[in-house]
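Undergrad: Coordinates in work26.cif, mmCIF, C-alpha atoms, are listed below.
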data_final
loop_
_atom_site.group_PDB
_atom_site.id
_atom_site.type_symbol
_atom_site.label_atom_id
_atom_site.label_comp_id
_atom_site.auth_asym_id
_atom_site.auth_seq_id
_atom_site.Cartn_x
_atom_site.Cartn_y
_atom_site.Cartn_z
ATOM 1 C CA MET K 989 -36.702 -91.689 80.750
ATOM 2 C CA ASN K 990 -40.030 -89.868 81.177
ATOM 3 C CA ARG K 991 -39.049 -88.739 84.663
ATOM 4 C CA GLN K 992 -36.021 -86.937 83.222
ATOM 5 C CA ILE K 993 -37.751 -84.639 80.760
ATOM 6 C CA ALA K 994 -39.124 -81.360 82.032
ATOM 7 C CA LYS K 995 -42.251 -80.041 80.315
ATOM 8 C CA SER K 996 -42.119 -77.035 78.025
ATOM 9 C CA SER K 997 -44.727 -74.942 76.251
ATOM 10 C CA ARG K 998 -43.568 -76.051 72.764
ATOM 11 C CA PRO K 999 -44.838 -79.477 71.631
ATOM 12 C CA PRO K 1000 -41.673 -81.565 70.994
ATOM 13 C CA SER K 1001 -42.727 -82.719 67.540
ATOM 14 C CA ALA K 1002 -40.717 -80.514 65.165
ATOM 15 C CA PRO K 1003 -37.656 -78.260 65.102
ATOM 16 C CA PRO K 1004 -38.101 -74.637 66.174
ATOM 17 C CA SER K 1005 -40.091 -72.614 63.662
ATOM 18 C CA GLY K 1006 -38.096 -71.335 60.693
ATOM 19 C CA LYS K 1007 -35.202 -73.803 61.044
ATOM 20 C CA ALA K 1008 -34.647 -76.418 58.337
ATOM 21 C CA SER K 1009 -32.718 -78.640 60.740
ATOM 22 C CA VAL K 1010 -31.278 -78.626 64.229
ATOM 23 C CA LYS K 1011 -27.479 -78.482 64.362
ATOM 24 C CA VAL K 1012 -26.006 -80.731 67.038
ATOM 25 C CA ALA K 1013 -22.412 -81.098 68.231
ATOM 26 C CA LEU K 1014 -21.253 -84.210 70.085
ATOM 27 C CA VAL K 1015 -18.385 -84.459 72.569
ATOM 28 C CA GLU K 1016 -17.539 -88.094 73.386
ATOM 29 C CA ASP K 1017 -14.121 -89.729 73.756
ATOM 30 C CA GLN K 1018 -15.147 -93.371 73.198
ATOM 31 C CA PRO K 1019 -14.960 -94.068 69.410
ATOM 32 C CA GLU K 1020 -17.753 -96.666 69.247
ATOM 33 C CA VAL K 1021 -20.119 -94.578 71.350
ATOM 34 C CA ARG K 1022 -19.281 -91.432 69.381
ATOM 35 C CA GLU K 1023 -19.909 -93.123 66.033
ATOM 36 C CA SER K 1024 -23.157 -94.675 67.273
ATOM 37 C CA TRP K 1025 -24.522 -91.354 68.546
ATOM 38 C CA THR K 1026 -23.436 -89.546 65.379
ATOM 39 C CA ARG K 1027 -25.309 -92.063 63.217
ATOM 40 C CA LEU K 1028 -28.329 -91.807 65.473
ATOM 41 C CA LEU K 1029 -28.440 -88.001 65.304
ATOM 42 C CA ASN K 1030 -28.066 -88.002 61.530
ATOM 43 C CA SER K 1031 -30.848 -90.574 61.245
ATOM 44 C CA PHE K 1032 -33.352 -87.998 62.515
ATOM 45 C CA PRO K 1033 -34.741 -86.183 59.432
ATOM 46 C CA ASP K 1034 -34.717 -82.804 61.200
ATOM 47 C CA PHE K 1035 -31.283 -83.043 62.838
ATOM 48 C CA GLU K 1036 -27.679 -82.787 61.683
ATOM 49 C CA CYS K 1037 -24.561 -83.685 63.652
ATOM 50 C CA VAL K 1038 -22.267 -80.882 62.511
ATOM 51 C CA CYS K 1039 -19.220 -82.060 64.468
ATOM 52 C CA SER K 1040 -18.198 -84.859 66.802
ATOM 53 C CA CYS K 1041 -15.301 -84.128 69.127
ATOM 54 C CA THR K 1042 -13.082 -86.557 71.006
ATOM 55 C CA SER K 1043 -12.056 -84.231 73.849
ATOM 56 C CA GLY K 1044 -12.882 -80.988 75.607
ATOM 57 C CA GLU K 1045 -9.899 -79.278 74.021
ATOM 58 C CA GLU K 1046 -11.069 -80.270 70.536
ATOM 59 C CA ALA K 1047 -14.608 -79.152 71.383
ATOM 60 C CA LEU K 1048 -13.400 -75.674 72.354
ATOM 61 C CA ARG K 1049 -11.637 -75.386 68.981
ATOM 62 C CA MET K 1050 -14.347 -76.795 66.727
ATOM 63 C CA ILE K 1051 -17.739 -76.053 68.267
ATOM 64 C CA PRO K 1052 -17.520 -72.212 68.216
ATOM 65 C CA GLN K 1053 -16.815 -72.429 64.465
ATOM 66 C CA GLU K 1054 -19.914 -74.572 63.827
ATOM 67 C CA GLU K 1055 -22.251 -72.614 66.168
ATOM 68 C CA PRO K 1056 -24.597 -75.551 66.832
ATOM 69 C CA ASP K 1057 -28.014 -75.260 68.460
ATOM 70 C CA VAL K 1058 -27.323 -78.051 70.937
ATOM 71 C CA VAL K 1059 -24.224 -79.744 72.331
ATOM 72 C CA LEU K 1060 -24.317 -83.272 73.745
ATOM 73 C CA MET K 1061 -21.456 -83.368 76.243
ATOM 74 C CA ASP K 1062 -19.984 -86.491 77.843
ATOM 75 C CA ILE K 1063 -19.302 -85.737 81.501
ATOM 76 C CA PHE K 1064 -16.212 -87.974 81.694
ATOM 77 C CA LEU K 1065 -13.526 -86.825 79.259
ATOM 78 C CA PRO K 1066 -9.719 -87.201 79.354
ATOM 79 C CA ARG K 1067 -7.768 -84.254 80.742
ATOM 80 C CA MET K 1068 -10.490 -81.562 80.607
ATOM 81 C CA SER K 1069 -13.768 -82.787 82.112
ATOM 82 C CA GLY K 1070 -17.145 -82.261 80.477
ATOM 83 C CA ILE K 1071 -17.982 -79.930 83.358
ATOM 84 C CA GLU K 1072 -15.040 -77.636 82.651
ATOM 85 C CA CYS K 1073 -15.668 -77.786 78.900
ATOM 86 C CA THR K 1074 -19.305 -76.809 79.480
ATOM 87 C CA SER K 1075 -18.268 -73.800 81.540
ATOM 88 C CA ARG K 1076 -15.783 -72.613 78.891
ATOM 89 C CA LEU K 1077 -18.174 -73.156 75.986
ATOM 90 C CA LYS K 1078 -20.857 -71.104 77.714
ATOM 91 C CA GLU K 1079 -18.405 -68.215 77.916
ATOM 92 C CA VAL K 1080 -18.012 -68.069 74.131
ATOM 93 C CA LEU K 1081 -21.454 -69.419 73.120
ATOM 94 C CA PRO K 1082 -23.847 -68.329 75.884
ATOM 95 C CA GLN K 1083 -26.941 -69.154 73.783
ATOM 96 C CA VAL K 1084 -25.993 -72.743 72.931
ATOM 97 C CA GLN K 1085 -27.956 -75.436 74.757
ATOM 98 C CA ILE K 1086 -25.693 -78.020 76.412
ATOM 99 C CA ILE K 1087 -27.006 -81.395 77.556
ATOM 100 C CA ILE K 1088 -24.736 -83.548 79.675
ATOM 101 C CA LEU K 1089 -24.478 -87.236 78.769
ATOM 102 C CA THR K 1090 -23.692 -89.677 81.556
ATOM 103 C CA ALA K 1091 -23.654 -93.453 81.843
ATOM 104 C CA MET K 1092 -24.506 -93.303 85.557
ATOM 105 C CA ASP K 1093 -27.086 -91.197 87.347
ATOM 106 C CA ASP K 1094 -24.454 -89.496 89.529
ATOM 107 C CA GLN K 1095 -26.442 -86.615 90.991
ATOM 108 C CA GLU K 1096 -23.424 -84.843 92.480
ATOM 109 C CA LEU K 1097 -21.555 -84.612 89.161
ATOM 110 C CA VAL K 1098 -24.716 -83.756 87.238
ATOM 111 C CA PHE K 1099 -25.461 -80.982 89.723
ATOM 112 C CA LEU K 1100 -21.965 -79.543 89.260
ATOM 113 C CA ALA K 1101 -22.409 -79.656 85.486
ATOM 114 C CA LEU K 1102 -25.696 -77.768 85.723
ATOM 115 C CA GLU K 1103 -24.069 -75.203 87.996
ATOM 116 C CA ALA K 1104 -21.350 -74.822 85.340
ATOM 117 C CA GLY K 1105 -23.991 -73.887 82.756
ATOM 118 C CA ALA K 1106 -25.435 -77.138 81.367
ATOM 119 C CA ASP K 1107 -29.114 -76.947 80.428
ATOM 120 C CA GLY K 1108 -30.028 -80.520 81.281
ATOM 121 C CA TYR K 1109 -28.757 -84.070 81.265
ATOM 122 C CA LEU K 1110 -29.567 -87.459 79.758
ATOM 123 C CA LEU K 1111 -28.440 -90.988 80.474
ATOM 124 C CA LYS K 1112 -26.554 -92.681 77.641
ATOM 125 C CA ARG K 1113 -29.082 -95.515 77.654
ATOM 126 C CA THR K 1114 -31.809 -93.064 76.571
ATOM 127 C CA LYS K 1115 -33.988 -94.457 73.779
ATOM 128 C CA PRO K 1116 -33.686 -92.780 70.341
ATOM 129 C CA ALA K 1117 -37.242 -91.403 70.368
ATOM 130 C CA ASP K 1118 -36.724 -89.987 73.856
ATOM 131 C CA LEU K 1119 -33.416 -88.417 72.805
ATOM 132 C CA ARG K 1120 -35.089 -86.545 69.971
ATOM 133 C CA THR K 1121 -37.899 -85.446 72.284
ATOM 134 C CA ALA K 1122 -35.395 -84.170 74.863
ATOM 135 C CA LEU K 1123 -33.397 -82.252 72.248
ATOM 136 C CA LEU K 1124 -36.509 -80.527 70.935
ATOM 137 C CA ASP K 1125 -37.681 -79.878 74.464
ATOM 138 C CA VAL K 1126 -34.466 -78.110 75.502
ATOM 139 C CA LEU K 1127 -34.668 -75.962 72.366
ATOM 140 C CA GLY K 1128 -38.222 -75.031 73.369
ATOM 141 C CA GLY K 1129 -37.131 -73.883 76.811
ATOM 142 C CA GLY K 1130 -37.359 -77.164 78.724
ATOM 143 C CA ALA K 1131 -34.674 -78.788 80.831
ATOM 144 C CA PRO K 1132 -34.181 -82.567 80.900
ATOM 145 C CA MET K 1133 -33.392 -83.380 84.536
ATOM 146 C CA THR K 1134 -34.808 -85.161 87.562
ATOM 147 C CA GLY K 1135 -36.898 -83.430 90.204
ATOM 148 C CA GLN K 1136 -34.192 -84.066 92.807
ATOM 149 C CA ILE K 1137 -31.599 -82.205 90.741
ATOM 150 C CA ALA K 1138 -34.011 -79.338 90.085
ATOM 151 C CA ARG K 1139 -34.607 -79.019 93.822
ATOM 152 C CA ARG K 1140 -30.871 -78.861 94.520
ATOM 153 C CA LEU K 1141 -30.445 -76.135 91.919
ATOM 154 C CA ILE K 1142 -33.153 -74.035 93.573
ATOM 155 C CA GLU K 1143 -31.469 -74.442 96.951
ATOM 156 C CA SER K 1144 -28.115 -73.512 95.419
ATOM 157 C CA PHE K 1145 -29.543 -70.331 93.895
ATOM 158 C CA ARG K 1146 -30.983 -69.369 97.285
ATOM 159 C CA ARG K 1147 -27.609 -69.849 98.982
ATOM 160 C CA LYS K 1148 -25.879 -67.779 96.310
ATOM 161 C CA ALA K 1149 -28.429 -65.008 96.654
ATOM 162 C CA LYS K 1150 -27.655 -64.781 100.371
ATOM 163 C CA ALA K 1151 -23.907 -64.853 99.859
ATOM 164 C CA ARG K 1152 -23.530 -62.834 96.645
ATOM 165 C CA ASP K 1153 -22.261 -59.765 98.517
ATOM 166 C CA ASP K 1154 -19.564 -61.762 100.282
ATOM 167 C CA THR K 1155 -16.051 -61.319 98.859
ATOM 168 C CA VAL K 1156 -13.841 -64.398 98.735
ATOM 169 C CA ARG K 1157 -10.193 -63.553 99.082
ATOM 170 C CA LEU K 1158 -7.681 -66.177 97.979
ATOM 171 C CA SER K 1159 -3.949 -65.943 98.498
ATOM 172 C CA VAL K 1160 -1.574 -65.791 95.528
ATOM 173 C CA ARG K 1161 -0.528 -69.403 96.199
ATOM 174 C CA GLU K 1162 -4.154 -70.549 96.404
ATOM 175 C CA GLU K 1163 -4.846 -68.828 93.072
ATOM 176 C CA GLN K 1164 -1.835 -70.556 91.506
ATOM 177 C CA ILE K 1165 -2.998 -73.971 92.714
ATOM 178 C CA LEU K 1166 -6.565 -73.413 91.493
ATOM 179 C CA LEU K 1167 -5.303 -72.299 88.086
ATOM 180 C CA LEU K 1168 -3.221 -75.466 87.699
ATOM 181 C CA LEU K 1169 -6.140 -77.534 88.986
ATOM 182 C CA SER K 1170 -8.386 -76.017 86.310
ATOM 183 C CA GLN K 1171 -5.799 -77.072 83.690
ATOM 184 C CA GLY K 1172 -6.068 -80.708 84.765
ATOM 185 C CA TYR K 1173 -2.948 -80.994 86.944
ATOM 186 C CA SER K 1174 -2.977 -83.611 89.708
ATOM 187 C CA ASN K 1175 -1.903 -82.731 93.258
ATOM 188 C CA LYS K 1176 1.499 -84.349 92.623
ATOM 189 C CA LEU K 1177 2.089 -82.407 89.401
ATOM 190 C CA ILE K 1178 1.013 -79.177 91.100
ATOM 191 C CA ALA K 1179 3.464 -79.879 93.918
ATOM 192 C CA ASP K 1180 6.275 -80.547 91.428
ATOM 193 C CA LYS K 1181 5.535 -77.444 89.360
ATOM 194 C CA LEU K 1182 5.344 -75.103 92.370
ATOM 195 C CA GLU K 1183 8.180 -76.894 94.221
ATOM 196 C CA LEU K 1184 5.944 -77.719 97.176
ATOM 197 C CA SER K 1185 5.214 -80.905 99.075
ATOM 198 C CA ILE K 1186 1.982 -82.761 98.323
ATOM 199 C CA ASP K 1187 0.911 -82.185 101.944
ATOM 200 C CA THR K 1188 1.310 -78.426 101.460
ATOM 201 C CA VAL K 1189 -0.783 -78.518 98.286
ATOM 202 C CA CYS K 1190 -3.495 -80.512 100.090
ATOM 203 C CA SER K 1191 -3.432 -78.015 102.935
ATOM 204 C CA HIS K 1192 -3.906 -75.103 100.534
ATOM 205 C CA LEU K 1193 -6.778 -76.941 98.850
ATOM 206 C CA LYS K 1194 -8.514 -77.448 102.181
ATOM 207 C CA HIS K 1195 -8.353 -73.686 102.773
ATOM 208 C CA VAL K 1196 -9.688 -73.078 99.262
ATOM 209 C CA PHE K 1197 -12.596 -75.475 99.803
ATOM 210 C CA PHE K 1198 -13.461 -73.685 103.038
ATOM 211 C CA LYS K 1199 -13.312 -70.216 101.480
ATOM 212 C CA LEU K 1200 -15.343 -71.194 98.402
ATOM 213 C CA HIS K 1201 -17.823 -73.319 100.386
ATOM 214 C CA VAL K 1202 -17.185 -76.374 98.205
ATOM 215 C CA SER K 1203 -16.320 -79.982 98.948
ATOM 216 C CA SER K 1204 -14.568 -81.246 95.815
ATOM 217 C CA ARG K 1205 -11.789 -80.347 93.376
ATOM 218 C CA THR K 1206 -14.248 -80.194 90.468
ATOM 219 C CA GLU K 1207 -16.619 -77.834 92.255
ATOM 220 C CA ALA K 1208 -13.693 -75.644 93.324
ATOM 221 C CA VAL K 1209 -12.582 -75.332 89.683
ATOM 222 C CA VAL K 1210 -16.127 -74.499 88.539
ATOM 223 C CA ARG K 1211 -16.495 -71.792 91.194
ATOM 224 C CA TYR K 1212 -13.009 -70.438 90.427
ATOM 225 C CA MET K 1213 -13.727 -70.189 86.695
ATOM 226 C CA ALA K 1214 -17.096 -68.575 87.339
ATOM 227 C CA SER K 1215 -15.509 -65.990 89.649
ATOM 228 C CA LYS K 1216 -12.793 -65.153 87.110
ATOM 229 C CA THR K 1217 -15.414 -64.719 84.389
ATOM 230 C CA GLN K 1218 -17.447 -62.395 86.607
ATOM 231 C CA GLN K 1219 -14.328 -60.482 87.594
ATOM 232 C CA GLY K 1220 -13.415 -60.037 83.946
ATOM 233 C CA ARG K 1221 -16.821 -58.589 83.193
ATOM 234 C CA LEU K 1222 -16.539 -56.120 86.086
ATOM 235 C CA ASN K 1223 -13.147 -54.971 84.812
ATOM 236 C CA GLU K 1224 -14.367 -54.370 81.272
ATOM 237 C CA PRO K 1225 -14.390 -50.679 80.246
#
Now that the file is in, can you turn its structure into structure tokens?

TA:
Amino acid sequence: MNRQIAKSSRPPSAPPSGKASVKVALVEDQPEVRESWTRLLNSFPDFECVCSCTSGEEALRMIPQEEPDVVLMDIFLPRMSGIECTSRLKEVLPQVQIIILTAMDDQELVFLALEAGADGYLLKRTKPADLRTALLDVLGGGAPMTGQIARRLIESFRRKAKARDDTVRLSVREEQILLLLSQGYSNKLIADKLELSIDTVCSHLKHVFFKLHVSSRTEAVVRYMASKTQQGRLNEP
């Protein structure tokens, strides 16, 4: 676990100054795991689990009302993934700290989650004392993650800096497919809804991957959502 926690200037021994307790929200679809983590969080004298959500959709409804300091987000959720939920939560609560929870050290998925706005990640087998340390650390400006992931993020930022002036133009059909993809539709359901063949949908997705410089459906959705958010900001009066 020690290799996962980035150092910060604040000693991780107490909640941020002036706060009676740290408010934490949990997003986890497995009942036993969710109950176990909720009990664990509430067992810390300086923490309070203000809500525990079973899905990304429920998290988007409940978490903005509670305005927690930290969100612990399972990466694998039904329908809406933890990656997509992270991206949407950051739009409405940009200051909230989101830590991804994962049972496996899947660097590709973790990297996508961090690109979507997550502030760090922890393995579910993390020891209780290390969990508390990581939560305090992220509140103090740290970022629980491995060195390999941090390196990939730096490289990603460099690539984006070089390409930020490039304009990606998607066709109307490509936009439709990406929108349905972001809503959790499978290729078959997209084909049925748009009255296309699955081969045609796959062909459109290949063009989308090429234009967005991505290699997976999840990354394409993250980039699409990020571009729509940026576009919305540019169009604001």

Undergrad: To test your reading of the syntax: which residues would the PyMOL selection byres ((chain K and resi 1031-1042) around 8) return for the file shown? Reply as a tab-separated table (two decimals) with C-alpha atoms, keeping the file's coordinate frame.

TA:
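Full text of expr-v6.tsv as output:
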chain	number	residue	atom	x	y	z
K	1002	ALA	CA	-40.72	-80.51	65.17
K	1003	PRO	CA	-37.66	-78.26	65.10
K	1008	ALA	CA	-34.65	-76.42	58.34
K	1009	SER	CA	-32.72	-78.64	60.74
K	1010	VAL	CA	-31.28	-78.63	64.23
K	1011	LYS	CA	-27.48	-78.48	64.36
K	1012	VAL	CA	-26.01	-80.73	67.04
K	1013	ALA	CA	-22.41	-81.10	68.23
K	1014	LEU	CA	-21.25	-84.21	70.08
K	1015	VAL	CA	-18.39	-84.46	72.57
K	1016	GLU	CA	-17.54	-88.09	73.39
K	1017	ASP	CA	-14.12	-89.73	73.76
K	1018	GLN	CA	-15.15	-93.37	73.20
K	1019	PRO	CA	-14.96	-94.07	69.41
K	1022	ARG	CA	-19.28	-91.43	69.38
K	1026	THR	CA	-23.44	-89.55	65.38
K	1027	ARG	CA	-25.31	-92.06	63.22
K	1028	LEU	CA	-28.33	-91.81	65.47
K	1029	LEU	CA	-28.44	-88.00	65.30
K	1030	ASN	CA	-28.07	-88.00	61.53
K	1043	SER	CA	-12.06	-84.23	73.85
K	1044	GLY	CA	-12.88	-80.99	75.61
K	1046	GLU	CA	-11.07	-80.27	70.54
K	1047	ALA	CA	-14.61	-79.15	71.38
K	1050	MET	CA	-14.35	-76.80	66.73
K	1051	ILE	CA	-17.74	-76.05	68.27
K	1054	GLU	CA	-19.91	-74.57	63.83
K	1056	PRO	CA	-24.60	-75.55	66.83
K	1120	ARG	CA	-35.09	-86.54	69.97

Undergrad: Could you tell me how far CA of Arg1076 in chain K lies from CA of Glu1020 in chain K, in Å and to one decimal?

TA: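 Between these atoms lies a distance of 26.0 Å.
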
Undergrad: Env of range 1077-1090 of chain K: 6 Å cut, atoms = all atoms listed in the file, seq-sep filter 6 positions within chain, self excluded. Answer as a ChimeraX atom specification.

TA: /K:1057-1063,1106-1112

Undergrad: Convert the current residue selection to file output with C-alpha atoms, as a compact mmCIF listing (two decimals), keeping the file's coordinate frame.

TA:
# COMPACT_ATOMS: atom_id res chain seq x y z
CA ASP K 1057 -28.01 -75.26 68.46
CA VAL K 1058 -27.32 -78.05 70.94
CA VAL K 1059 -24.22 -79.74 72.33
CA LEU K 1060 -24.32 -83.27 73.74
CA MET K 1061 -21.46 -83.37 76.24
CA ASP K 1062 -19.98 -86.49 77.84
CA ILE K 1063 -19.30 -85.74 81.50
CA ALA K 1106 -25.44 -77.14 81.37
CA ASP K 1107 -29.11 -76.95 80.43
CA GLY K 1108 -30.03 -80.52 81.28
CA TYR K 1109 -28.76 -84.07 81.26
CA LEU K 1110 -29.57 -87.46 79.76
CA LEU K 1111 -28.44 -90.99 80.47
CA LYS K 1112 -26.55 -92.68 77.64

Undergrad: What's the separation between CA of Leu1158 in chain K and CA of His1195 in chain K, in Å to one decimal place?

TA: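 Interatomic distance, CA of Leu1158 in chain K to CA of His1195 in chain K: 8.9 Å.
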
Undergrad: In Å to one decimal, how far is CA of Cys1073 in chain K from CA of Leu1048 in chain K?

TA: 7.2 Å

Undergrad: Can you work out which one of K:Met1092, K:Leu1102, K:Cys1190, K:Ala1179 has the shortest atom-to-atom distance to Met1133 in chain K, counting all atoms listed in the file?

TA: K:Leu1102

Undergrad: Excluding Leu1168 in chain K and any residue of its chain fewer than 5 positions from it, enumerate the residues within 12 Å of it, using only C-alpha atoms, and give them as a list in words.

TA: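 After dropping sequence-adjacent residues, the list is Met1068, Arg1161, Glu1162, Glu1163, Tyr1173, Ser1174, Asn1175, Lys1176, Leu1177, Ile1178, Ala1179, Asp1180, Lys1181, Leu1182, Val1189, Leu1193, Arg1205, Ala1208, Val1209, Tyr1212 and Met1213 of chain K.
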
Undergrad: Identify which of the residues K:His1192, K:Glu1103, K:Arg1067, K:Lys1115 lies closest to Ser1159 in chain K, counting only C-alpha atoms when measuring atom-to-atom distances.

TA: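 Closest to Ser1159 in chain K, using only C-alpha atoms: K:His1192.
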
Undergrad: Compare K:Ser1075, K:Thr1114, K:Thr1121, K:Ser1069 by their minimum atom-to-atom distance to Gln1171 in chain K, counting all atoms listed in the file, and give me the closest one.

TA: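 Using all atoms listed in the file, the shortest distance to Gln1171 in chain K belongs to K:Ser1069.
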
Undergrad: Using all atoms listed in the file, which of the listed residues (K:Arg1049, K:Arg1211, K:Ile1165, K:Glu1096) sits closest to Lys1194 in chain K?

TA: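 Nearest candidate to Lys1194 in chain K out of K:Arg1049, K:Arg1211, K:Ile1165, K:Glu1096: K:Ile1165.
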